[in-house]
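J.: Got protein36.txt for you, compact mmCIF, C-alpha atoms:
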```
# COMPACT_ATOMS: atom_id res chain seq x y z
CA MET A 1 78.56 70.47 99.02
CA SER A 2 81.66 71.91 97.41
CA ILE A 3 82.85 75.46 96.99
CA SER A 4 83.23 75.17 93.22
CA LYS A 5 79.68 73.85 92.94
CA GLU A 6 78.28 76.75 94.96
CA PHE A 7 80.28 79.14 92.80
CA LEU A 8 79.33 77.63 89.44
CA LYS A 9 75.60 77.27 90.06
CA GLY A 10 75.11 81.05 90.01
CA ILE A 11 76.78 81.33 86.63
CA TRP A 12 74.73 78.74 84.81
CA SER A 13 72.23 76.39 86.41
CA GLU A 14 70.83 78.97 88.84
CA ASN A 15 71.76 82.13 86.95
CA PRO A 16 69.76 84.89 88.70
CA ILE A 17 68.49 86.50 85.51
CA LEU A 18 68.30 83.65 83.05
CA ARG A 19 67.23 80.76 85.33
CA LEU A 20 65.79 82.25 88.52
CA VAL A 21 64.45 85.32 86.66
CA LEU A 22 65.12 87.57 89.67
CA GLY A 23 66.26 91.18 89.81
CA LEU A 24 64.72 92.08 86.48
CA CYS A 25 64.12 95.77 87.22
CA PRO A 26 67.78 96.84 86.90
CA ALA A 27 68.37 94.17 84.26
CA LEU A 28 65.72 95.66 82.00
CA ALA A 29 66.31 99.31 82.75
CA VAL A 30 70.08 99.81 82.56
CA THR A 31 71.06 97.43 79.76
CA THR A 32 70.82 100.05 77.03
CA SER A 33 74.58 99.64 76.51
CA MET A 34 77.20 97.06 77.34
CA ILE A 35 79.20 99.27 79.70
CA ASN A 36 76.08 100.01 81.74
CA GLY A 37 75.41 96.27 82.04
CA ILE A 38 78.98 95.57 83.17
CA ALA A 39 79.01 98.42 85.69
CA MET A 40 75.63 97.52 87.14
CA GLY A 41 76.66 93.87 87.35
CA LEU A 42 79.93 94.63 89.12
CA ALA A 43 78.26 97.01 91.58
CA ALA A 44 75.66 94.37 92.43
CA THR A 45 78.37 91.68 92.67
CA PHE A 46 80.32 93.71 95.22
CA VAL A 47 77.21 94.21 97.34
CA LEU A 48 76.21 90.58 96.97
CA VAL A 49 79.60 89.19 98.04
CA MET A 50 80.03 91.58 100.95
CA SER A 51 76.50 91.18 102.28
CA ASN A 52 76.71 87.40 101.93
CA VAL A 53 79.96 87.31 103.90
CA VAL A 54 78.72 89.61 106.67
CA VAL A 55 75.33 87.90 106.92
CA SER A 56 77.03 84.51 107.08
CA LEU A 57 79.40 85.67 109.84
CA LEU A 58 76.55 87.19 111.84
CA GLY A 59 74.14 84.40 110.99
CA GLY A 60 74.06 82.82 114.44
CA LEU A 61 73.98 86.10 116.34
CA ILE A 62 70.94 87.74 114.74
CA PRO A 63 67.63 86.86 116.38
CA LYS A 64 65.24 85.37 113.85
CA LYS A 65 62.56 88.01 114.37
CA VAL A 66 64.74 90.94 113.31
CA ARG A 67 66.81 89.20 110.66
CA ILE A 68 65.19 90.96 107.69
CA PRO A 69 65.74 94.52 109.02
CA CYS A 70 69.30 93.53 109.95
CA PHE A 71 69.97 92.15 106.46
CA ILE A 72 68.53 95.28 104.90
CA ILE A 73 70.74 97.56 107.01
CA ILE A 74 73.81 95.53 106.01
CA ILE A 75 72.86 95.54 102.32
CA ALA A 76 71.94 99.23 102.33
CA SER A 77 75.29 100.11 103.90
CA PHE A 78 77.25 98.35 101.17
CA VAL A 79 75.05 99.90 98.48
CA THR A 80 75.71 103.36 99.92
CA ILE A 81 79.44 102.62 99.90
CA VAL A 82 79.27 101.64 96.21
CA ASP A 83 77.23 104.77 95.47
CA LEU A 84 79.72 107.09 97.22
CA VAL A 85 82.78 105.45 95.66
CA MET A 86 81.30 105.53 92.14
CA HIS A 87 80.19 109.14 92.60
CA GLY A 88 83.70 110.13 93.59
CA PHE A 89 85.82 108.03 91.26
CA PHE A 90 83.65 106.96 88.29
CA PHE A 91 81.53 110.05 87.82
CA GLU A 92 80.29 109.36 84.29
CA LEU A 93 79.24 105.79 85.04
CA TRP A 94 77.56 107.03 88.19
CA GLN A 95 75.55 109.49 86.11
CA ALA A 96 74.61 106.86 83.54
CA LEU A 97 73.39 104.35 86.13
CA GLY A 98 71.68 107.08 88.12
CA LEU A 99 68.86 105.89 90.30
CA PHE A 100 69.63 102.21 89.82
CA ILE A 101 72.62 102.12 92.15
CA PRO A 102 70.57 103.01 95.27
CA LEU A 103 67.93 100.59 94.01
CA ILE A 104 70.37 97.67 94.42
CA VAL A 105 69.13 97.70 98.03
CA VAL A 106 65.82 96.26 96.96
CA ASN A 107 67.27 93.90 94.36
CA CYS A 108 65.63 90.64 95.38
CA ILE A 109 68.70 88.56 94.43
CA ILE A 110 70.71 90.11 97.23
CA LEU A 111 68.17 89.77 100.03
CA GLY A 112 67.25 86.38 98.58
CA ARG A 113 70.81 85.05 98.82
CA ALA A 114 71.28 86.53 102.29
CA GLU A 115 68.09 84.91 103.56
CA ALA A 116 68.11 81.64 101.65
CA PHE A 117 71.81 80.84 101.59
CA ALA A 118 74.26 83.04 103.48
CA SER A 119 72.43 83.00 106.81
CA LYS A 120 72.45 79.21 106.85
CA ASN A 121 75.91 78.40 105.53
CA ALA A 122 79.55 78.84 106.43
CA VAL A 123 81.33 81.96 105.29
CA HIS A 124 83.43 80.40 102.50
CA TYR A 125 80.33 78.89 100.91
CA ALA A 126 78.50 82.20 101.28
CA PHE A 127 81.40 83.96 99.59
CA ALA A 128 81.45 81.48 96.69
CA ASP A 129 77.67 81.70 96.35
CA GLY A 130 77.71 85.51 96.31
CA LEU A 131 80.56 85.68 93.83
CA GLY A 132 78.99 83.08 91.52
CA MET A 133 75.56 84.72 91.62
CA GLY A 134 77.15 88.13 91.08
CA ILE A 135 79.20 86.97 88.10
CA GLY A 136 76.17 85.21 86.65
CA PHE A 137 74.17 88.42 87.04
CA THR A 138 77.00 90.46 85.48
CA LEU A 139 77.38 88.10 82.51
CA ALA A 140 73.63 88.13 81.83
CA LEU A 141 73.50 91.95 82.01
CA THR A 142 76.63 92.30 79.86
CA ALA A 143 75.24 89.99 77.19
CA LEU A 144 71.84 91.69 77.22
CA GLY A 145 73.43 95.16 77.15
CA GLY A 146 75.85 94.09 74.41
CA VAL A 147 73.19 92.68 72.10
CA ARG A 148 70.89 95.67 72.63
CA GLU A 149 73.75 98.11 71.99
CA ILE A 150 74.86 96.34 68.80
CA ILE A 151 71.36 96.17 67.33
CA GLY A 152 69.96 99.40 68.74
CA ASN A 153 72.96 101.67 68.29
CA GLY A 154 75.37 99.83 65.96
CA THR A 155 78.20 100.07 68.49
CA ILE A 156 79.90 97.83 71.02
CA LEU A 157 81.32 99.54 74.12
CA GLY A 158 80.86 102.78 72.20
CA ILE A 159 82.94 101.64 69.19
CA PRO A 160 81.03 101.80 65.86
CA LEU A 161 80.80 98.39 64.23
CA PHE A 162 79.13 98.83 60.88
CA GLY A 163 80.12 102.21 59.53
CA PRO A 164 77.93 105.28 59.17
CA ASP A 165 75.35 103.74 56.85
CA PHE A 166 74.08 101.24 59.40
CA PRO A 167 70.47 102.01 60.35
CA PRO A 168 70.15 101.00 64.00
CA LEU A 169 66.97 99.31 65.18
CA LEU A 170 66.10 101.87 67.86
CA LEU A 171 63.51 99.59 69.39
CA ALA A 172 66.31 97.48 70.86
CA ILE A 173 67.47 100.19 73.25
CA LEU A 174 63.99 101.45 74.06
CA PRO A 175 62.10 99.81 76.96
CA PRO A 176 60.17 97.31 74.78
CA GLY A 177 63.50 96.07 73.41
CA ALA A 178 64.55 95.10 76.93
CA PHE A 179 61.56 92.79 77.27
CA ILE A 180 61.92 91.36 73.77
CA PHE A 181 65.61 90.54 74.10
CA LEU A 182 65.28 89.22 77.63
CA GLY A 183 62.49 86.97 76.35
CA LEU A 184 64.73 85.73 73.53
CA PHE A 185 67.57 85.10 76.01
CA LEU A 186 65.27 83.13 78.31
CA ALA A 187 63.94 81.10 75.38
CA GLY A 188 67.47 80.38 74.17
CA MET A 189 68.56 79.36 77.66
CA ASN A 190 65.60 76.99 77.96
CA LYS A 191 66.40 75.47 74.56
CA ILE A 192 70.00 74.84 75.55
CA GLU A 193 68.88 73.21 78.80
CA GLU A 194 66.50 71.09 76.77
CA TRP A 195 69.32 69.80 74.56
CA ARG A 196 71.50 69.16 77.55
CA SER A 197 68.86 67.15 79.32
CA GLY A 198 68.11 65.29 76.08
CA GLY A 199 64.60 66.02 74.92
CA ALA A 200 61.72 68.40 75.33
CA ARG A 201 60.18 68.84 78.74
CA GLU A 202 56.69 69.82 79.73
CA PRO A 203 56.51 73.15 81.51
CA VAL A 204 57.13 72.38 85.17
CA GLU A 205 54.93 73.86 87.82
CA SER A 206 54.55 71.79 90.95
CA ASP A 207 51.39 71.78 93.02
CA ALA A 208 53.28 73.46 95.84
CA THR A 209 54.38 76.34 93.61
CA ARG A 210 50.91 76.79 92.22
CA ALA A 211 49.40 76.82 95.71
CA VAL A 212 51.89 79.45 96.89
CA LEU A 213 51.24 81.62 93.88
CA THR A 214 47.47 81.57 94.23
CA ASP A 215 46.85 81.25 97.96
CA PRO A 216 48.35 83.68 100.51
CA LYS A 217 47.69 81.23 103.33
CA ALA A 218 49.90 78.62 101.68
CA LEU A 219 52.64 81.23 101.32
CA ARG A 220 52.46 82.06 105.03
CA GLN A 221 52.64 78.38 105.90
CA LEU A 222 55.65 77.93 103.67
CA ILE A 223 57.43 80.87 105.33
CA ALA A 224 56.58 79.51 108.78
CA ALA A 225 57.95 76.10 107.78
CA GLU A 226 61.14 77.74 106.50
CA ASP A 227 61.50 79.61 109.78
CA GLU A 228 61.26 76.35 111.71
CA LYS A 229 64.06 74.87 109.66
CA SER A 230 66.23 77.97 109.86
CA PRO A 231 69.40 77.55 111.94
CA THR A 232 69.19 81.24 112.87
CA ALA A 233 66.14 80.50 115.01
CA ALA A 234 66.62 82.23 118.32
CA MET B 1 60.33 92.88 127.72
CA LYS B 2 62.95 90.21 128.21
CA GLU B 3 62.35 88.88 124.71
CA LEU B 4 62.53 92.30 123.17
CA LEU B 5 65.89 93.26 124.62
CA PRO B 6 68.11 91.10 122.37
CA LEU B 7 66.18 92.28 119.31
CA VAL B 8 66.67 95.93 120.20
CA VAL B 9 70.32 95.43 121.09
CA THR B 10 71.09 93.54 117.88
CA LEU B 11 69.41 96.12 115.65
CA THR B 12 71.06 99.01 117.50
CA VAL B 13 74.52 97.49 117.32
CA ILE B 14 74.20 96.66 113.62
CA ALA B 15 72.85 100.11 112.78
CA ALA B 16 75.61 101.79 114.81
CA VAL B 17 78.38 99.77 113.15
CA ALA B 18 76.86 100.42 109.71
CA GLY B 19 76.63 104.14 110.49
CA LEU B 20 80.25 104.24 111.58
CA ALA B 21 81.43 102.42 108.46
CA LEU B 22 79.45 104.80 106.23
CA ALA B 23 80.85 107.84 108.04
CA LEU B 24 84.37 106.55 107.38
CA VAL B 25 83.69 105.95 103.68
CA TYR B 26 82.01 109.35 103.42
CA THR B 27 85.04 111.19 104.78
CA VAL B 28 87.24 109.40 102.23
CA THR B 29 84.97 110.04 99.23
CA GLU B 30 83.81 113.55 100.18
CA GLY B 31 86.79 115.24 98.54
CA PRO B 32 86.77 113.25 95.28
CA ILE B 33 82.98 113.71 94.93
CA ALA B 34 83.23 117.48 95.30
CA ALA B 35 86.18 117.50 92.88
CA ALA B 36 84.29 115.38 90.33
CA GLU B 37 81.21 117.62 90.51
CA ARG B 38 83.39 120.72 90.20
CA GLU B 39 85.36 119.23 87.32
CA GLN B 40 82.12 118.47 85.49
CA THR B 41 80.93 122.06 85.88
CA LEU B 42 84.33 123.41 84.82
CA LYS B 43 84.36 121.15 81.78
CA ALA B 44 80.94 122.45 80.75
CA ILE B 45 82.05 126.06 81.22
CA ARG B 46 85.19 125.44 79.16
CA ASN B 47 82.97 124.01 76.41
CA VAL B 48 80.58 126.95 76.24
CA LEU B 49 83.01 129.87 76.49
CA PRO B 50 86.10 130.93 74.54
CA GLU B 51 89.41 130.36 76.27
CA PHE B 52 89.68 131.99 79.68
CA ASP B 53 91.92 131.96 82.74
CA GLU B 54 90.61 129.36 85.19
CA ASN B 55 92.29 131.05 88.13
CA LEU B 56 90.20 134.15 87.47
CA LEU B 57 86.91 132.28 87.15
CA GLN B 58 84.49 133.91 89.52
CA SER B 59 81.27 132.42 90.78
CA VAL B 60 78.42 134.59 91.99
CA MET B 61 75.24 133.38 93.64
CA PHE B 62 72.40 135.31 92.16
CA GLY B 63 68.73 135.57 93.05
CA GLU B 64 66.97 134.33 96.14
CA ASP B 65 65.77 131.01 97.51
CA GLU B 66 64.51 128.72 94.77
CA GLN B 67 65.33 131.17 92.04
CA GLN B 68 68.95 131.20 93.16
CA ARG B 69 71.54 130.16 90.65
CA GLU B 70 75.28 130.18 90.36
CA ILE B 71 76.72 132.38 87.66
CA PHE B 72 80.27 131.96 86.46
CA ILE B 73 82.09 135.02 85.21
CA ALA B 74 85.14 134.23 83.09
CA ARG B 75 88.00 136.63 82.47
CA VAL B 76 91.40 136.47 80.83
CA ASN B 77 94.70 137.73 82.14
CA GLY B 78 94.40 141.39 82.99
CA GLY B 79 90.75 141.12 83.98
CA ASP B 80 89.08 141.56 80.60
CA LEU B 81 85.69 139.90 80.47
CA VAL B 82 85.43 136.82 78.27
CA GLY B 83 81.87 135.82 79.02
CA VAL B 84 79.34 134.54 81.48
CA ALA B 85 78.12 130.96 81.93
CA PHE B 86 75.23 129.58 83.95
CA SER B 87 72.83 126.70 83.87
CA SER B 88 69.27 127.03 82.70
CA THR B 89 66.53 124.47 83.21
CA SER B 90 63.47 123.56 81.20
CA ARG B 91 60.77 121.58 82.96
CA ASN B 92 59.37 120.37 79.66
CA GLY B 93 61.82 117.62 78.74
CA TYR B 94 60.35 114.31 77.58
CA GLY B 95 61.59 112.45 80.64
CA GLY B 96 61.82 115.27 83.15
CA ASN B 97 63.87 118.37 83.78
CA LEU B 98 66.50 119.25 81.24
CA GLU B 99 69.48 121.35 82.28
CA VAL B 100 71.64 123.28 79.85
CA MET B 101 74.84 125.23 80.45
CA VAL B 102 74.62 128.46 78.46
CA GLY B 103 77.70 130.52 77.66
CA ILE B 104 77.08 134.16 76.82
CA VAL B 105 79.68 136.51 75.34
CA PRO B 106 79.52 140.21 74.54
CA GLU B 107 79.28 141.15 70.88
CA GLY B 108 79.57 144.82 70.09
CA GLU B 109 76.94 146.59 72.12
CA SER B 110 74.80 143.50 72.64
CA HIS B 111 75.33 139.89 73.70
CA LYS B 112 75.01 136.50 72.13
CA VAL B 113 74.94 132.85 73.13
CA ASN B 114 78.41 131.49 72.40
CA ARG B 115 77.76 127.76 72.78
CA ILE B 116 75.59 125.47 74.88
CA GLU B 117 76.22 122.17 76.64
CA ILE B 118 73.63 119.68 77.90
CA LEU B 119 74.28 119.11 81.61
CA ARG B 120 71.51 116.76 82.66
CA HIS B 121 68.66 115.14 80.84
CA VAL B 122 66.42 112.08 81.02
CA GLU B 123 65.45 111.84 77.35
CA THR B 124 64.79 108.67 75.38
CA PRO B 125 68.00 106.81 74.44
CA GLY B 126 68.63 106.98 70.70
CA LEU B 127 66.07 109.71 70.03
CA GLY B 128 66.05 112.49 72.61
CA THR B 129 69.68 111.85 73.52
CA LYS B 130 70.64 113.30 70.14
CA ILE B 131 70.21 116.76 71.68
CA ALA B 132 73.71 116.28 73.07
CA GLU B 133 75.17 115.83 69.56
CA GLU B 134 76.97 118.70 67.92
CA LYS B 135 74.65 118.54 64.93
CA PHE B 136 71.77 119.70 67.10
CA LYS B 137 73.30 121.82 69.83
CA GLY B 138 75.64 123.50 67.32
CA GLN B 139 72.57 125.36 66.09
CA PHE B 140 72.84 127.51 69.21
CA ASN B 141 76.40 128.65 68.42
CA SER B 142 76.62 132.45 68.16
CA VAL B 143 72.92 133.23 68.29
CA ASN B 144 70.82 135.99 69.78
CA TYR B 145 67.40 137.52 69.15
CA ASP B 146 68.72 139.25 66.02
CA ASN B 147 69.66 136.12 64.11
CA LEU B 148 67.54 133.30 65.56
CA THR B 149 63.88 132.63 66.06
CA PHE B 150 63.82 130.85 69.42
CA ALA B 151 61.43 128.08 68.46
CA VAL B 152 61.61 124.71 66.73
CA ASP B 153 60.73 124.60 63.04
CA LYS B 154 57.47 122.74 63.70
CA ASP B 155 56.14 125.59 65.87
CA ASP B 156 57.54 128.53 63.91
CA PRO B 157 59.31 128.25 60.56
CA GLY B 158 61.21 131.48 61.29
CA SER B 159 61.91 134.20 58.76
CA PRO B 160 64.73 135.00 56.31
CA GLY B 161 67.87 135.82 58.29
CA LYS B 162 66.21 134.52 61.44
CA PRO B 163 65.84 130.76 61.01
CA SER B 164 64.35 128.64 63.76
CA ILE B 165 65.86 125.47 65.25
CA ASP B 166 65.79 122.27 63.18
CA SER B 167 64.18 119.81 65.55
CA ILE B 168 65.38 116.21 65.75
CA THR B 169 63.12 113.75 63.97
CA GLY B 170 61.19 111.79 66.59
CA ALA B 171 62.33 114.08 69.38
CA THR B 172 60.41 117.32 68.89
CA ILE B 173 59.65 117.62 72.61
CA SER B 174 63.32 117.26 73.56
CA SER B 175 64.33 119.79 70.89
CA ARG B 176 61.68 122.20 72.13
CA ALA B 177 62.85 121.81 75.74
CA VAL B 178 66.46 122.65 74.84
CA THR B 179 65.32 125.68 72.87
CA GLU B 180 63.17 126.79 75.79
CA ALA B 181 66.04 126.37 78.27
CA VAL B 182 68.40 128.45 76.11
CA GLN B 183 65.80 131.14 75.60
CA LYS B 184 65.03 131.29 79.32
CA GLY B 185 68.76 131.60 79.99
CA MET B 186 69.13 134.40 77.45
CA ASP B 187 66.11 136.25 78.88
CA PHE B 188 67.38 135.87 82.42
CA PHE B 189 70.76 137.25 81.41
CA LEU B 190 69.40 140.23 79.48
CA GLU B 191 67.01 141.11 82.29
CA ASN B 192 69.62 140.98 85.00
CA LEU B 193 72.67 142.08 83.06
CA ASP B 194 73.50 145.08 85.25
CA LYS B 195 72.77 143.33 88.50
CA ILE B 196 74.98 140.38 87.57
CA PHE B 197 78.04 142.52 86.97
CA GLU B 198 77.27 144.64 90.01
CA ALA B 199 77.15 141.50 92.14
CA ALA B 200 80.38 140.32 90.57
CA GLN B 201 82.13 143.57 91.39
CA GLN B 202 80.86 143.49 94.95
CA ALA B 203 82.02 139.92 95.39
CA GLU B 204 85.42 140.88 94.08
CA GLY B 205 85.60 143.87 96.43
CA SER B 206 84.81 141.77 99.44
CA GLN B 207 87.46 139.17 98.67
```
Take the structure in the file and give it back as structure tokens.
T.:
Amino acid sequence: MSISKEFLKGIWSENPILRLVLGLCPALAVTTSMINGIAMGLAATFVLVMSNVVVSLLGGLIPKKVRIPCFIIIIASFVTIVDLVMHGFFFELWQALGLFIPLIVVNCIILGRAEAFASKNAVHYAFADGLGMGIGFTLALTALGGVREIIGNGTILGIPLFGPDFPPLLLAILPPGAFIFLGLFLAGMNKIEEWRSGGAREPVESDATRAVLTDPKALRQLIAAEDEKSPTAA
Amino acid sequence: MKELLPLVVTLTVIAAVAGLALALVYTVTEGPIAAAEREQTLKAIRNVLPEFDENLLQSVMFGEDEQQREIFIARVNGGDLVGVAFSSTSRNGYGGNLEVMVGIVPEGESHKVNRIEILRHVETPGLGTKIAEEKFKGQFNSVNYDNLTFAVDKDDPGSPGKPSIDSITGATISSRAVTEAVQKGMDFFLENLDKIFEAAQQAEGSQ
């Protein structure tokens, strides 16, 4: 385990949007322009890093049974801080992102990293993991927002690219465009991984995954097994 | 009971620390937030009225309970009235409520809308958002019931000398909502004209 590895995995091999496909609600909703993608990504990164650090520091002190409410309080506090600071100092961005800043609380990447990584690892690893995941999330949102803005509005960061005669493809910045372009991004990402690993792969879905997805009992057993392993066990 | 105690203590301590941290951040950001909100309102007022003296800008709360709204009365040096600005809301936007700042100035014996500014909207990006472009909202510059039919062209083509509003292609509902908000604002002003200035004078007297 090395810090650089924990940092880099979030950017590429375990990119939250493009590999783990987590946190799609804000990713789809706010990426109508590049600046929105960047701002949303940075806000989530801040929350992710801070909550990872705090959760890692408190990891051993929180009784297992109340860990989720504790994590949520910690995450919600940082989200509120981001919301207040943006409201006061970046008013226009705050207006553009609107409801999606408070919704960072329920972004599954953040609770996921707190639960799956930060609570079980030392603080410097948790920091690297949070920063890497956050940057990966930001890059994915920036790219998605950038492409949608170029095609749907003919601008990049608000600067016109093609002159006044360019007919923008509105669909790209409407909700269906979010799904279409995210799908293209995911497909592209899979293709690149395919080249890197040298050859086409069959779609992977292990028996365990399939069982968890179709049978609630298997999911409960998996959670119970995770709890047994967890170092935070009281 | 014994097992519960650490759980309760942990949650309480974490919630208390979080509350304290938030209170600290709140005290720091309270001022800038109020300033940013105020600056946004001021900017909108500056956009909808001719030049006025910001030190003389007077705000009057008008109406009761839910109907209450803040009316800004703008004057220039010496106390001459420049105009009145207030926000007006239509509930019929495509994505929800649509709020417009309306600036009204006197013209001869009557009054007219000077300019409008979109304050808040949740319209479709790329279509409905065009209501904020000058090409659309400029249609409300210097209008009143004498020279504008307050409707979009699809509902009422208007008459010679009293054209209606050219709606945005693909955003008729948004166009209609803006028109409705401006008309509601104009109606509100004309209905309460005397009371508004009375309230303004009273507020000034009590200062």
J.: Please identify all polymer residues within 6 Å of region 3-16 of chain A, counting all atoms listed in the file, omitting same-chain residues fewer than 6 positions from it, and present them as a VMD selection string.
T.: chain A and resid 22 125 128 to 129 132 to 133 136 to 137
J.: Using 6 Å of padding on each side, determine the axis-aligned box around all atoms of region 50-65 of chain B present in the file and give its centre and edge lengths in Å to one decimal, as AutoDock Vina command-line options.
T.:
```
--center_x 79.0 --center_y 132.5 --center_z 86.0 --size_x 38.5 --size_y 18.2 --size_z 35.0
```
J.: Contacts from chain B to chain A, 6 Å maximum, all atoms listed in the file: show me the residue list as an NGL selection string.
T.: :B and (29 or 32-33)
J.: Take the residues from that selection and write them out as a CSV table (one decimal), keeping the file's coordinate frame, keeping C-alpha atoms.
T.:
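Once everything was written out, this is out_19.csv:
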```
chain,number,residue,atom,x,y,z
B,29,THR,CA,85.0,110.0,99.2
B,32,PRO,CA,86.8,113.2,95.3
B,33,ILE,CA,83.0,113.7,94.9
```
J.: So how many Å separate CA of Ala178 (chain A) and CA of Tyr94 (chain B), to one decimal?
T.: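 So the answer is 19.7 Å.
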J.: Under the rule that all atoms listed in the file are counted, which of A:Gly145, A:Gly98, A:Gly154, A:Pro160 is the nearest residue to Leu182 (chain A)?
T.: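 Of the candidates, the smallest distance to Leu182 (chain A) is held by A:Gly145.
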J.: So how many Å separate CA of Thr172 (chain B) and CA of Val152 (chain B), to one decimal?
T.: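 Between these atoms lies a distance of 7.8 Å.
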J.: Quick one: of B:Val48, B:Ala199, B:Ile14, B:Val76, who's nearest to Asn141 (chain B), counting all atoms listed in the file?
T.: B:Val48
J.: Between CA of Val79 (chain A) and CA of Val25 (chain B), what is the spacing in Å?
T.: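 If I compute the distance from CA of Val25 (chain B) to CA of Val79 (chain A), I get 11.8 Å.
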J.: With distances taken over all atoms listed in the file, which residue among B:Val8, B:Ile45, B:Ile165, B:Leu148 lies nearest Arg115 (chain B)?
T.: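 Answer, going by the shortest atom-to-atom distance: B:Ile45.
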J.: Residues at most 12 Å from Glu134 (chain B), counting all atoms listed in the file, excluding those fewer than 5 positions away in the same chain, as a PyMOL selection string?
T.: chain B and resi 47+115-118+129+139-141
J.: Using all atoms listed in the file for the distances, tell me which of A:Glu149, A:Ala187, A:Val53, A:Ser197 is nearest to Gly126 (chain B).
T.: A:Glu149
J.: For Ile38 (chain A), work out the shell of residues within 10 Å, counting only C-alpha atoms and skipping chain neighbours fewer than 4 positions away, then give it as a compact mmCIF listing (two decimals) with C-alpha atoms, keeping the file's coordinate frame.
T.:
```txt
# COMPACT_ATOMS: atom_id res chain seq x y z
CA VAL A 30 70.08 99.81 82.56
CA THR A 31 71.06 97.43 79.76
CA SER A 33 74.58 99.64 76.51
CA MET A 34 77.20 97.06 77.34
CA LEU A 42 79.93 94.63 89.12
CA ALA A 43 78.26 97.01 91.58
CA ALA A 44 75.66 94.37 92.43
CA ILE A 135 79.20 86.97 88.10
CA PHE A 137 74.17 88.42 87.04
CA THR A 138 77.00 90.46 85.48
CA LEU A 139 77.38 88.10 82.51
CA ALA A 140 73.63 88.13 81.83
CA LEU A 141 73.50 91.95 82.01
CA THR A 142 76.63 92.30 79.86
CA ALA A 143 75.24 89.99 77.19
CA GLY A 145 73.43 95.16 77.15
CA GLY A 146 75.85 94.09 74.41
```
J.: Which residues, written as a ChimeraX atom specification, have at least one atom at most 9 Å from Leu97 (chain A), with only C-alpha atoms counted and residues fewer than 6 positions away on the same chain left out?
T.: /A:30,36,39-40
J.: At the level of C-alpha atoms, write region 152-167 of chain A to a file as an mmCIF file, in the first residue's frame, please.
T.:
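Resulting contents of selection25.cif:
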```
data_model
loop_
_atom_site.group_PDB
_atom_site.id
_atom_site.type_symbol
_atom_site.label_atom_id
_atom_site.label_comp_id
_atom_site.auth_asym_id
_atom_site.auth_seq_id
_atom_site.Cartn_x
_atom_site.Cartn_y
_atom_site.Cartn_z
ATOM 1 C CA GLY A 152 -24.907 22.121 -26.787
ATOM 2 C CA ASN A 153 -24.033 25.797 -26.565
ATOM 3 C CA GLY A 154 -20.996 26.322 -28.827
ATOM 4 C CA THR A 155 -18.964 27.815 -25.980
ATOM 5 C CA ILE A 156 -16.241 26.710 -23.599
ATOM 6 C CA LEU A 157 -16.234 28.335 -20.146
ATOM 7 C CA GLY A 158 -18.641 30.861 -21.645
ATOM 8 C CA ILE A 159 -16.298 31.830 -24.518
ATOM 9 C CA PRO A 160 -17.867 31.368 -27.992
ATOM 10 C CA LEU A 161 -15.881 28.922 -30.095
ATOM 11 C CA PHE A 162 -17.437 28.823 -33.523
ATOM 12 C CA GLY A 163 -18.814 32.260 -34.266
ATOM 13 C CA PRO A 164 -22.455 33.293 -34.454
ATOM 14 C CA ASP A 165 -23.467 30.928 -37.252
ATOM 15 C CA PHE A 166 -22.869 27.771 -35.234
ATOM 16 C CA PRO A 167 -26.149 25.943 -34.618
#
```
